[in-house]
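Undergrad: Provided herewith: query-v9.csv, CSV, C-alpha atoms.
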chain,number,residue,atom,x,y,z
A,523,MET,CA,95.1,48.0,81.7
A,524,THR,CA,95.9,49.8,78.5
A,525,THR,CA,94.4,53.1,77.6
A,526,GLY,CA,94.7,52.9,73.9
A,527,ILE,CA,97.1,55.9,73.9
A,528,PRO,CA,100.2,54.8,72.1
A,529,HIS,CA,103.6,55.5,73.7
A,530,PRO,CA,105.8,57.9,71.8
A,531,PRO,CA,108.8,56.2,70.1
A,532,PRO,CA,112.1,56.8,71.9
A,533,ALA,CA,113.8,60.1,70.8
A,534,ARG,CA,116.4,59.7,68.2
A,535,ARG,CA,119.9,60.6,69.3
A,536,ALA,CA,123.0,61.7,67.6
A,537,PRO,CA,125.4,58.7,67.6
A,538,ASP,CA,128.0,60.6,69.6
A,539,SER,CA,125.7,62.0,72.3
A,540,TYR,CA,125.7,59.2,74.8
A,541,THR,CA,127.1,59.7,78.3
A,542,THR,CA,128.5,57.4,81.1
A,543,HIS,CA,125.1,57.8,82.8
A,544,ASP,CA,123.3,56.3,79.7
A,545,LEU,CA,125.8,53.4,79.6
A,546,LEU,CA,125.3,52.5,83.2
A,547,ALA,CA,121.5,52.9,83.3
A,548,PRO,CA,120.2,49.4,82.8
A,549,PRO,CA,118.3,48.1,81.0
A,550,ASP,CA,118.7,50.7,78.2
A,551,ILE,CA,122.1,49.6,76.9
A,552,PRO,CA,123.0,45.9,76.3
A,553,ALA,CA,125.9,44.2,78.1
A,554,HIS,CA,129.4,44.5,76.8
A,555,VAL,CA,129.0,47.8,75.0
A,556,GLU,CA,131.6,50.5,75.5
A,557,LEU,CA,131.4,54.3,75.4
A,558,ILE,CA,134.1,56.0,73.4
A,559,ASP,CA,133.9,59.7,72.7
A,560,GLY,CA,130.1,59.6,73.3
A,561,CYS,CA,129.6,56.7,70.8
A,562,LEU,CA,128.3,53.3,71.9
A,563,LEU,CA,130.5,50.5,70.5
A,564,SER,CA,129.7,46.8,70.6
A,565,GLN,CA,132.7,44.6,71.4
A,566,GLY,CA,131.3,41.9,69.1
A,567,ARG,CA,131.4,38.2,69.6
A,568,GLN,CA,134.2,36.6,71.6
A,569,THR,CA,136.5,34.0,70.0
A,570,ALA,CA,137.8,31.0,71.9
A,571,PHE,CA,141.3,32.6,71.8
A,572,HIS,CA,139.9,35.7,73.4
A,573,SER,CA,138.2,33.7,76.2
A,574,LEU,CA,141.2,31.5,76.9
A,575,VAL,CA,143.6,34.4,77.1
A,576,ILE,CA,141.4,36.2,79.6
A,577,ASP,CA,141.2,33.1,81.7
A,578,LEU,CA,144.9,32.4,81.5
A,579,LEU,CA,145.9,36.0,82.4
A,580,ARG,CA,143.4,36.3,85.2
A,581,VAL,CA,144.5,33.0,86.9
A,582,GLY,CA,148.1,34.0,86.4
A,583,LEU,CA,147.6,37.4,87.9
A,584,CYS,CA,145.6,36.1,90.8
A,585,ARG,CA,148.5,33.9,91.8
A,586,THR,CA,150.7,36.9,92.8
A,587,VAL,CA,148.3,39.9,93.2
A,588,PRO,CA,148.8,41.6,96.6
A,589,PRO,CA,145.8,41.7,98.9
A,590,ARG,CA,145.4,45.4,98.4
A,591,LEU,CA,144.6,44.7,94.7
A,592,THR,CA,142.1,42.5,92.8
A,593,ALA,CA,141.5,41.3,89.3
A,594,ARG,CA,138.2,41.7,87.4
A,595,CYS,CA,137.2,40.7,83.9
A,596,ARG,CA,135.1,42.8,81.5
A,597,MET,CA,134.2,45.6,83.9
A,598,THR,CA,133.4,49.2,82.7
A,599,VAL,CA,136.1,51.8,83.5
A,600,VAL,CA,134.6,55.3,83.8
A,601,ILE,CA,137.1,57.8,82.5
A,602,ASP,CA,134.9,60.8,82.0
A,603,LYS,CA,131.3,61.7,81.0
A,604,ARG,CA,131.9,60.5,77.4
A,605,ASN,CA,134.3,57.7,77.8
A,606,ALA,CA,133.7,54.4,79.6
A,607,PRO,CA,135.5,51.5,77.9
A,608,GLU,CA,135.3,47.9,79.1
A,609,PRO,CA,138.8,46.3,79.2
A,610,ASP,CA,139.0,42.6,79.0
A,611,LEU,CA,140.8,42.5,82.4
A,612,VAL,CA,141.7,45.1,85.0
A,613,ILE,CA,143.7,45.1,88.2
A,614,VAL,CA,142.1,47.6,90.6
A,615,GLN,CA,142.4,48.7,94.2
A,616,ALA,CA,140.6,46.1,96.3
A,617,ALA,CA,138.9,48.9,98.2
A,618,ALA,CA,137.2,50.0,95.0
A,619,ALA,CA,135.5,46.6,94.7
A,620,ARG,CA,132.5,47.5,96.9
A,621,SER,CA,129.8,45.1,95.9
A,622,ARG,CA,128.9,42.1,93.7
A,623,ASP,CA,126.3,44.3,92.0
A,624,GLN,CA,128.9,46.9,91.0
A,625,LEU,CA,128.9,47.8,87.3
A,626,SER,CA,132.0,49.9,87.0
A,627,PHE,CA,135.3,51.2,88.4
A,628,HIS,CA,136.7,54.7,88.2
A,629,ALA,CA,139.9,55.0,86.2
A,630,ARG,CA,141.7,56.4,89.3
A,631,ASP,CA,141.3,52.9,90.9
A,632,VAL,CA,142.8,51.0,88.0
A,633,LEU,CA,146.5,50.0,88.0
A,634,LEU,CA,146.4,47.8,84.9
A,635,ALA,CA,144.1,47.6,81.9
A,636,VAL,CA,144.4,44.6,79.5
A,637,GLU,CA,142.9,44.4,76.0
A,638,VAL,CA,142.9,41.1,74.1
A,639,ALA,CA,142.8,42.4,70.5
A,640,LEU,CA,140.2,40.8,68.1
A,641,PRO,CA,140.3,41.3,64.3
A,642,GLN,CA,137.4,43.7,64.5
A,643,SER,CA,138.9,45.7,67.4
A,644,GLN,CA,142.4,46.3,66.2
A,645,ALA,CA,142.1,50.0,65.8
A,646,PRO,CA,140.5,50.8,69.2
A,647,ASP,CA,142.8,48.3,71.0
A,648,ARG,CA,146.0,49.6,69.4
A,649,ASP,CA,145.2,53.4,69.4
A,650,THR,CA,142.0,54.8,70.8
A,651,LYS,CA,141.7,52.9,74.1
A,652,PRO,CA,145.4,53.1,75.1
A,653,ARG,CA,145.3,56.9,74.5
A,654,LYS,CA,142.2,57.1,76.7
A,655,TYR,CA,143.8,54.9,79.5
A,656,ALA,CA,147.0,57.0,79.4
A,657,ASP,CA,145.1,60.3,79.5
A,658,ALA,CA,143.2,58.9,82.5
A,659,GLY,CA,146.5,58.1,84.3
A,660,ILE,CA,146.2,54.3,84.3
A,661,PRO,CA,149.8,53.2,85.1
A,662,HIS,CA,150.0,50.0,83.1
A,663,PHE,CA,148.5,48.7,79.8
A,664,TRP,CA,148.8,45.4,78.1
A,665,ARG,CA,147.7,44.6,74.5
A,666,VAL,CA,147.5,40.9,73.8
A,667,GLU,CA,147.4,39.6,70.2
A,668,ASN,CA,147.2,36.3,68.4
A,669,ASP,CA,150.2,35.5,66.3
A,670,GLY,CA,148.3,33.0,64.3
A,671,PRO,CA,146.8,29.4,64.5
A,672,GLY,CA,148.6,27.3,67.1
A,673,MET,CA,150.7,30.2,68.3
A,674,TYR,CA,150.9,31.4,71.9
A,675,PRO,CA,149.4,34.8,72.9
A,676,VAL,CA,151.8,37.8,72.5
A,677,VAL,CA,151.6,40.3,75.3
A,678,HIS,CA,152.8,43.8,74.6
A,679,ALA,CA,153.3,45.6,77.9
A,680,PHE,CA,153.4,49.3,78.4
A,681,GLY,CA,154.1,51.7,81.3
A,682,LEU,CA,152.8,55.2,81.7
A,683,ASP,CA,155.1,58.3,81.5
A,684,PRO,CA,153.2,60.5,83.9
A,685,ALA,CA,154.8,63.7,82.5
A,686,THR,CA,153.5,63.2,79.0
A,687,ARG,CA,150.5,60.9,79.8
A,688,THR,CA,151.7,58.5,77.1
A,689,TYR,CA,152.7,54.8,77.3
A,690,HIS,CA,156.1,53.5,76.5
A,691,PRO,CA,156.9,49.9,75.7
A,692,VAL,CA,158.1,47.8,78.6
A,693,GLY,CA,158.5,44.5,76.7
A,694,THR,CA,156.9,42.0,74.4
A,695,PHE,CA,156.4,38.5,75.8
A,696,ARG,CA,155.7,35.3,73.8
A,697,GLU,CA,156.0,32.2,76.0
A,698,GLN,CA,156.7,33.6,79.4
A,699,LEU,CA,155.4,36.9,80.9
A,700,GLU,CA,157.8,38.2,83.5
A,701,LEU,CA,157.3,41.7,85.0
A,702,ASP,CA,158.1,43.5,88.2
A,703,ALA,CA,155.3,46.0,87.9
A,704,PRO,CA,152.5,46.7,88.9
A,705,PHE,CA,153.7,43.8,91.1
A,706,GLY,CA,155.8,40.6,90.6
A,707,ILE,CA,154.2,38.7,87.7
A,708,SER,CA,155.2,35.4,86.2
A,709,ILE,CA,152.8,33.7,83.7
A,710,ASP,CA,153.5,30.8,81.5
A,711,LEU,CA,151.7,31.8,78.3
A,712,THR,CA,152.1,28.2,76.9
A,713,GLU,CA,149.5,27.1,79.6
A,714,ILE,CA,146.9,28.2,77.1
A,715,ASP,CA,147.2,24.7,75.6
A,716,ARG,CA,146.1,23.2,78.9
A,717,LEU,CA,143.0,25.3,79.5
Written as C-alpha coordinates, how would this file's structure read?

TA:
Amino acid sequence: MTTGIPHPPPARRAPDSYTTHDLLAPPDIPAHVELIDGCLLSQGRQTAFHSLVIDLLRVGLCRTVPPRLTARCRMTVVIDKRNAPEPDLVIVQAAAARSRDQLSFHARDVLLAVEVALPQSQAPDRDTKPRKYADAGIPHFWRVENDGPGMYPVVHAFGLDPATRTYHPVGTFREQLELDAPFGISIDLTEIDRL
(Lines of atoms letter the chains of each structure in order from A and count residues from 1; the text may use other names and numbers.)
(Lines give C-alpha, C1' and ligand atoms only; values in the text may rest on other atoms or scores of the structure.)
Protein backbone atom coordinates (compact mmCIF):
# COMPACT_ATOMS: atom_id res chain seq x y z
CA MET A 1 0.00 0.00 0.00
CA THR A 2 1.40 3.40 -0.91
CA THR A 3 1.13 6.34 1.43
CA GLY A 4 1.44 9.09 -1.15
CA ILE A 5 4.70 10.27 0.41
CA PRO A 6 7.34 10.37 -2.31
CA HIS A 7 10.67 8.71 -1.63
CA PRO A 8 13.61 11.10 -1.71
CA PRO A 9 15.88 10.74 -4.73
CA PRO A 10 19.19 8.98 -4.09
CA ALA A 11 21.85 11.31 -2.75
CA ARG A 12 24.25 12.58 -5.38
CA ARG A 13 27.80 11.42 -4.87
CA ALA A 14 31.15 12.68 -5.99
CA PRO A 15 32.33 10.43 -8.84
CA ASP A 16 35.40 9.31 -6.86
CA SER A 17 33.66 8.63 -3.55
CA TYR A 18 32.67 4.97 -4.01
CA THR A 19 34.14 2.20 -1.87
CA THR A 20 34.57 -1.54 -2.15
CA HIS A 21 31.49 -1.92 0.06
CA ASP A 22 29.41 0.04 -2.48
CA LEU A 23 30.69 -2.11 -5.34
CA LEU A 24 29.90 -5.41 -3.62
CA ALA A 25 26.48 -4.37 -2.24
CA PRO A 26 23.99 -5.70 -4.80
CA PRO A 27 21.80 -4.60 -6.44
CA ASP A 28 23.10 -1.03 -6.33
CA ILE A 29 25.93 -1.44 -8.84
CA PRO A 30 25.51 -3.27 -12.17
CA ALA A 31 27.63 -6.30 -13.03
CA HIS A 32 31.10 -5.95 -14.58
CA VAL A 33 31.85 -2.55 -13.10
CA GLU A 34 35.25 -1.94 -11.53
CA LEU A 35 36.30 0.38 -8.74
CA ILE A 36 39.51 2.30 -9.45
CA ASP A 37 40.57 5.10 -7.08
CA GLY A 38 36.99 5.40 -5.82
CA CYS A 39 35.55 5.76 -9.35
CA LEU A 40 33.17 3.25 -10.88
CA LEU A 41 34.31 2.20 -14.37
CA SER A 42 32.26 0.13 -16.78
CA GLN A 43 34.23 -2.45 -18.71
CA GLY A 44 32.08 -1.88 -21.76
CA ARG A 45 30.88 -4.45 -24.22
CA GLN A 46 32.94 -7.54 -24.88
CA THR A 47 34.19 -8.38 -28.39
CA ALA A 48 34.34 -11.91 -29.80
CA PHE A 49 38.16 -11.73 -29.58
CA HIS A 50 37.93 -10.85 -25.90
CA SER A 51 35.58 -13.73 -25.16
CA LEU A 52 37.58 -16.26 -27.18
CA VAL A 53 40.88 -15.31 -25.55
CA ILE A 54 39.42 -15.66 -22.06
CA ASP A 55 38.08 -19.12 -22.97
CA LEU A 56 41.38 -20.16 -24.58
CA LEU A 57 43.51 -19.08 -21.61
CA ARG A 58 41.18 -20.51 -18.97
CA VAL A 59 41.07 -23.92 -20.66
CA GLY A 60 44.84 -23.84 -21.19
CA LEU A 61 45.55 -22.88 -17.58
CA CYS A 62 43.14 -25.48 -16.21
CA ARG A 63 45.12 -28.23 -17.98
CA THR A 64 48.13 -27.73 -15.71
CA VAL A 65 46.92 -25.75 -12.68
CA PRO A 66 47.96 -27.52 -9.44
CA PRO A 67 45.14 -28.62 -7.09
CA ARG A 68 46.04 -25.88 -4.59
CA LEU A 69 45.08 -23.25 -7.20
CA THR A 70 42.02 -22.52 -9.33
CA ALA A 71 41.15 -20.31 -12.32
CA ARG A 72 38.23 -17.87 -12.29
CA CYS A 73 36.92 -15.47 -14.93
CA ARG A 74 35.77 -11.89 -14.37
CA MET A 75 35.80 -11.89 -10.57
CA THR A 76 36.34 -8.75 -8.52
CA VAL A 77 39.71 -8.51 -6.76
CA VAL A 78 39.59 -6.39 -3.61
CA ILE A 79 42.82 -4.44 -3.27
CA ASP A 80 41.73 -1.82 -0.74
CA LYS A 81 38.75 0.34 0.18
CA ARG A 82 38.90 2.36 -3.06
CA ASN A 83 40.20 -0.22 -5.53
CA ALA A 84 38.48 -3.40 -6.69
CA PRO A 85 39.22 -4.17 -10.35
CA GLU A 86 37.75 -7.11 -12.23
CA PRO A 87 40.49 -8.90 -14.18
CA ASP A 88 39.36 -11.01 -17.11
CA LEU A 89 40.98 -14.07 -15.54
CA VAL A 90 42.69 -14.83 -12.24
CA ILE A 91 44.54 -17.73 -10.71
CA VAL A 92 43.79 -17.82 -6.99
CA GLN A 93 44.44 -20.05 -4.02
CA ALA A 94 41.81 -22.82 -4.15
CA ALA A 95 41.13 -22.31 -0.44
CA ALA A 96 40.00 -18.74 -1.22
CA ALA A 97 37.19 -20.07 -3.46
CA ARG A 98 34.73 -20.59 -0.62
CA SER A 99 31.31 -20.65 -2.29
CA ARG A 100 29.48 -20.43 -5.59
CA ASP A 101 27.83 -17.20 -4.39
CA GLN A 102 31.18 -15.51 -3.84
CA LEU A 103 31.54 -12.08 -5.46
CA SER A 104 35.22 -11.34 -4.92
CA PHE A 105 38.70 -12.42 -3.89
CA HIS A 106 41.26 -10.57 -1.80
CA ALA A 107 44.39 -9.54 -3.69
CA ARG A 108 46.51 -11.57 -1.25
CA ASP A 109 44.93 -14.77 -2.66
CA VAL A 110 45.67 -13.95 -6.33
CA LEU A 111 48.77 -15.37 -8.02
CA LEU A 112 48.04 -14.21 -11.57
CA ALA A 113 45.83 -11.45 -12.97
CA VAL A 114 45.10 -11.39 -16.71
CA GLU A 115 43.70 -8.45 -18.66
CA VAL A 116 42.58 -8.83 -22.27
CA ALA A 117 42.95 -5.29 -23.59
CA LEU A 118 40.06 -3.79 -25.51
CA PRO A 119 40.41 -0.59 -27.56
CA GLN A 120 38.43 1.34 -24.92
CA SER A 121 40.48 -0.09 -22.03
CA GLN A 122 44.04 0.37 -23.30
CA ALA A 123 45.06 2.96 -20.67
CA PRO A 124 43.74 1.10 -17.62
CA ASP A 125 45.02 -2.28 -18.88
CA ARG A 126 48.50 -0.96 -19.75
CA ASP A 127 49.07 1.41 -16.83
CA THR A 128 46.56 1.83 -14.02
CA LYS A 129 45.56 -1.75 -13.31
CA PRO A 130 49.07 -3.26 -13.52
CA ARG A 131 50.28 -0.63 -11.04
CA LYS A 132 47.41 -1.51 -8.68
CA TYR A 133 48.11 -5.24 -9.00
CA ALA A 134 51.83 -4.72 -8.38
CA ASP A 135 51.20 -2.47 -5.36
CA ALA A 136 48.91 -5.20 -3.98
CA GLY A 137 51.70 -7.79 -4.35
CA ILE A 138 50.10 -9.97 -7.05
CA PRO A 139 53.11 -11.98 -8.29
CA HIS A 140 52.20 -12.33 -11.98
CA PHE A 141 50.37 -10.20 -14.54
CA TRP A 142 49.54 -10.84 -18.19
CA ARG A 143 48.26 -8.30 -20.68
CA VAL A 144 46.79 -9.83 -23.82
CA GLU A 145 46.38 -7.79 -26.99
CA ASN A 146 44.99 -8.25 -30.47
CA ASP A 147 47.65 -7.73 -33.17
CA GLY A 148 44.94 -7.23 -35.78
CA PRO A 149 42.36 -9.12 -37.84
CA GLY A 150 43.29 -12.75 -38.35
CA MET A 151 46.21 -12.52 -35.95
CA TYR A 152 46.74 -14.62 -32.85
CA PRO A 153 46.57 -13.10 -29.38
CA VAL A 154 49.81 -11.63 -28.06
CA VAL A 155 50.49 -12.32 -24.38
CA HIS A 156 52.81 -9.92 -22.55
CA ALA A 157 53.83 -11.66 -19.31
CA PHE A 158 55.23 -9.82 -16.30
CA GLY A 159 56.65 -10.87 -12.95
CA LEU A 160 56.68 -8.87 -9.73
CA ASP A 161 59.84 -7.42 -8.21
CA PRO A 162 58.83 -7.63 -4.54
CA ALA A 163 61.39 -5.02 -3.46
CA THR A 164 60.06 -2.27 -5.73
CA ARG A 165 56.48 -3.53 -6.13
CA THR A 166 56.78 -3.12 -9.91
CA TYR A 167 56.43 -5.60 -12.76
CA HIS A 168 59.28 -6.55 -15.07
CA PRO A 169 58.76 -8.21 -18.48
CA VAL A 170 59.11 -11.98 -18.53
CA GLY A 171 58.31 -12.50 -22.19
CA THR A 172 56.06 -11.78 -25.14
CA PHE A 173 54.30 -14.78 -26.66
CA ARG A 174 52.57 -14.92 -30.06
CA GLU A 175 51.79 -18.50 -31.08
CA GLN A 176 52.88 -20.56 -28.09
CA LEU A 177 52.76 -19.49 -24.45
CA GLU A 178 55.41 -21.35 -22.41
CA LEU A 179 56.12 -20.34 -18.81
CA ASP A 180 57.42 -22.00 -15.65
CA ALA A 181 55.67 -19.61 -13.25
CA PRO A 182 53.33 -19.38 -11.45
CA PHE A 183 53.37 -23.08 -12.50
CA GLY A 184 54.25 -24.98 -15.68
CA ILE A 185 52.13 -23.48 -18.48
CA SER A 186 51.95 -24.45 -22.15
CA ILE A 187 49.14 -22.95 -24.24
CA ASP A 188 48.87 -23.09 -28.01
CA LEU A 189 47.57 -19.60 -28.84
CA THR A 190 46.72 -20.70 -32.38
CA GLU A 191 43.90 -22.82 -30.90
CA ILE A 192 41.82 -19.65 -30.91
CA ASP A 193 40.98 -20.58 -34.52
CA ARG A 194 39.34 -23.80 -33.30
CA LEU A 195 37.10 -22.33 -30.60

Undergrad: Quick one: of A:Leu633, A:Ile709, A:Ile714, A:Ala618, who's nearest to Met673 in chain A, counting all atoms listed in the file?

TA: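 Of A:Leu633, A:Ile709, A:Ile714, A:Ala618, the one nearest Met673 in chain A, counting all atoms listed in the file, is A:Ile714.
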
Undergrad: With 6 Å as the cut-off and all atoms listed in the file counted, what is the closest atom pair between each nearby residue of range 589-624 of chain A and range 634-646 of chain A? Distances in Å to one decimal, ordered by chain and number, as a Markdown table.

TA:
| residue | atom | partner | partner_atom | distance |
| --- | --- | --- | --- | --- |
| A:Pro609 | CA | A:Glu637 | CA | 5.5 |
| A:Asp610 | CA | A:Glu637 | CA | 5.2 |
| A:Leu611 | CA | A:Val636 | CA | 5.1 |
| A:Val612 | CA | A:Ala635 | CA | 4.6 |
| A:Ile613 | CA | A:Leu634 | CA | 5.0 |

Undergrad: Mind checking which residues fall within 10 Å of range 653-663 of chain A, counting only C-alpha atoms, ignoring those fewer than 2 positions away in the same chain, and posting them as a PyMOL selection string?

TA: chain A and resi 558-559+599-602+605-607+609+612-613+628-637+646-651+665-666+678-684+686-692+703-704

Undergrad: Point out the residue among A:Glu667, A:Asp715, A:Glu700, A:Ile707 with the least atom-to-atom distance to Gly582 in chain A, counting all atoms listed in the file.

TA: A:Ile707

Undergrad: Between A:Leu591, A:Val581, A:Cys561, A:Arg596, which has the minimum distance to Ala619 in chain A (counting all atoms listed in the file)?

TA: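 That would be A:Leu591, the residue with the smallest distance to Ala619 in chain A.
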
Undergrad: Can you work out which one of A:Glu608, A:Cys584, A:Asp710, A:Trp664 has the shortest atom-to-atom distance to Gln565 in chain A, counting only C-alpha atoms?

TA: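 Selected residue with least distance to Gln565 in chain A: A:Glu608.
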
Undergrad: So what do you get for CA of Thr694 in chain A versus CA of Val677 in chain A, distance-wise?

TA: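 Interatomic distance here is 5.6 Å.
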
Undergrad: Provide the CA of Leu545 in chain A to CA of Ser564 in chain A distance in Å, to one decimal place.

TA: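 One can read the CA of Leu545 in chain A to CA of Ser564 in chain A distance as 11.8 Å.
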
Undergrad: By how many Å are CA of Asp702 in chain A and CA of Asp669 in chain A apart?

TA: 24.6 Å

Undergrad: Which residues are near Ala553 in chain A? Cut-off 12 Å, all atoms listed in the file, ignore same chain within fewer than 3 positions. Put them as a list in words.

TA: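 That gives Leu545, Leu546, Ala547, Pro548, Pro549, Asp550, Glu556, Leu557, Leu562, Leu563, Ser564, Gln565, Gly566, Arg567, Arg596, Met597, Thr598, Glu608 and Leu625 of chain A.
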
Undergrad: Compute the distance from (155.0, 25.8, 76.6) to each atom, counting all atoms listed in the file, keep the residues with any atom at most 10 Å away, and return them as a list in words; use the coordinates of the file.

TA: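 With a cut-off of 10 Å, the residues come to Tyr674, Arg696, Glu697, Gln698, Asp710, Leu711, Thr712, Glu713, Ile714, Asp715 and Arg716 of chain A.
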
Undergrad: Looking at A:Arg590, A:Arg622, A:His572, A:Lys603, which one is nearest to Pro675 in chain A, with distances taken over only C-alpha atoms?

TA: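 Of the candidates, the smallest distance to Pro675 in chain A is held by A:His572.
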
Undergrad: Closest to Pro588 in chain A among A:Thr569, A:Val614, A:Val555, A:Phe627, using all atoms listed in the file?

TA: A:Val614

Undergrad: Can you pull range 552-565 of chain A out of that block with all heavy atoms and hand it back as a CSV table (one decimal), in the first residue's frame?

TA:
chain,number,residue,atom,x,y,z
A,552,PRO,N,25.7,-2.2,-11.2
A,552,PRO,CA,25.5,-3.3,-12.2
A,552,PRO,C,26.7,-4.2,-12.2
A,552,PRO,O,27.8,-3.8,-11.8
A,552,PRO,CB,25.3,-2.5,-13.5
A,552,PRO,CG,25.6,-1.1,-13.2
A,552,PRO,CD,25.7,-0.9,-11.7
A,553,ALA,N,26.5,-5.3,-12.9
A,553,ALA,CA,27.6,-6.3,-13.0
A,553,ALA,C,28.7,-5.7,-13.9
A,553,ALA,O,28.5,-4.9,-14.8
A,553,ALA,CB,27.1,-7.6,-13.6
A,554,HIS,N,29.9,-6.3,-13.8
A,554,HIS,CA,31.1,-6.0,-14.6
A,554,HIS,C,31.4,-4.5,-14.6
A,554,HIS,O,31.7,-3.9,-15.6
A,554,HIS,CB,30.9,-6.5,-16.0
A,554,HIS,CG,30.7,-8.0,-16.0
A,554,HIS,ND1,31.5,-8.9,-15.4
A,554,HIS,CD2,29.6,-8.7,-16.5
A,554,HIS,CE1,31.0,-10.1,-15.6
A,554,HIS,NE2,29.8,-10.0,-16.2
A,555,VAL,N,31.4,-3.9,-13.4
A,555,VAL,CA,31.8,-2.6,-13.1
A,555,VAL,C,33.0,-2.7,-12.1
A,555,VAL,O,33.0,-3.5,-11.2
A,555,VAL,CB,30.7,-1.7,-12.5
A,555,VAL,CG1,31.2,-0.4,-12.0
A,555,VAL,CG2,29.6,-1.5,-13.5
A,556,GLU,N,34.1,-1.9,-12.4
A,556,GLU,CA,35.2,-1.9,-11.5
A,556,GLU,C,35.3,-0.7,-10.7
A,556,GLU,O,34.8,0.4,-11.1
A,556,GLU,CB,36.5,-2.0,-12.4
A,556,GLU,CG,36.5,-3.3,-13.3
A,556,GLU,CD,37.7,-3.3,-14.2
A,556,GLU,OE1,37.8,-2.6,-15.2
A,556,GLU,OE2,38.6,-4.1,-13.8
A,557,LEU,N,36.0,-0.8,-9.6
A,557,LEU,CA,36.3,0.4,-8.7
A,557,LEU,C,37.8,0.7,-8.8
A,557,LEU,O,38.6,-0.1,-8.4
A,557,LEU,CB,35.9,0.1,-7.3
A,557,LEU,CG,36.1,1.2,-6.3
A,557,LEU,CD1,35.1,2.3,-6.5
A,557,LEU,CD2,35.9,0.6,-4.9
A,558,ILE,N,38.1,1.9,-9.3
A,558,ILE,CA,39.5,2.3,-9.4
A,558,ILE,C,39.6,3.7,-8.8
A,558,ILE,O,39.0,4.6,-9.3
A,558,ILE,CB,40.0,2.3,-10.9
A,558,ILE,CG1,39.8,1.0,-11.6
A,558,ILE,CG2,41.5,2.8,-11.0
A,558,ILE,CD1,40.7,-0.2,-11.0
A,559,ASP,N,40.4,3.8,-7.8
A,559,ASP,CA,40.6,5.1,-7.1
A,559,ASP,C,39.2,5.7,-6.7
A,559,ASP,O,39.1,6.9,-6.8
A,559,ASP,CB,41.4,6.1,-7.9
A,559,ASP,CG,42.8,5.6,-8.1
A,559,ASP,OD1,43.4,4.9,-7.2
A,559,ASP,OD2,43.4,5.8,-9.2
A,560,GLY,N,38.3,4.9,-6.3
A,560,GLY,CA,37.0,5.4,-5.8
A,560,GLY,C,36.0,5.7,-6.9
A,560,GLY,O,34.9,6.1,-6.7
A,561,CYS,N,36.4,5.5,-8.2
A,561,CYS,CA,35.5,5.8,-9.3
A,561,CYS,C,35.0,4.4,-9.9
A,561,CYS,O,35.8,3.5,-10.0
A,561,CYS,CB,36.3,6.5,-10.5
A,561,CYS,SG,36.9,8.1,-10.0
A,562,LEU,N,33.8,4.4,-10.3
A,562,LEU,CA,33.2,3.2,-10.9
A,562,LEU,C,33.4,3.3,-12.4
A,562,LEU,O,33.1,4.3,-13.0
A,562,LEU,CB,31.7,3.2,-10.6
A,562,LEU,CG,31.3,3.0,-9.1
A,562,LEU,CD1,29.8,3.1,-9.0
A,562,LEU,CD2,31.8,1.7,-8.6
A,563,LEU,N,34.0,2.3,-12.9
A,563,LEU,CA,34.3,2.2,-14.4
A,563,LEU,C,33.6,1.0,-15.0
A,563,LEU,O,33.8,-0.1,-14.5
A,563,LEU,CB,35.8,2.1,-14.6
A,563,LEU,CG,36.7,3.2,-14.0
A,563,LEU,CD1,38.2,2.8,-14.2
A,563,LEU,CD2,36.4,4.5,-14.6
A,564,SER,N,32.9,1.2,-16.1
A,564,SER,CA,32.3,0.1,-16.8
A,564,SER,C,33.3,-0.5,-17.7
A,564,SER,O,34.1,0.2,-18.4
A,564,SER,CB,31.1,0.6,-17.6
A,564,SER,OG,30.6,-0.4,-18.5
A,565,GLN,N,33.3,-1.8,-17.8
A,565,GLN,CA,34.2,-2.5,-18.7
A,565,GLN,C,33.8,-2.4,-20.2
A,565,GLN,O,34.5,-2.7,-21.1
A,565,GLN,CB,34.4,-3.9,-18.3
A,565,GLN,CG,35.1,-4.1,-17.0
A,565,GLN,CD,35.4,-5.5,-16.6
A,565,GLN,OE1,35.1,-6.4,-17.4
A,565,GLN,NE2,35.9,-5.7,-15.5
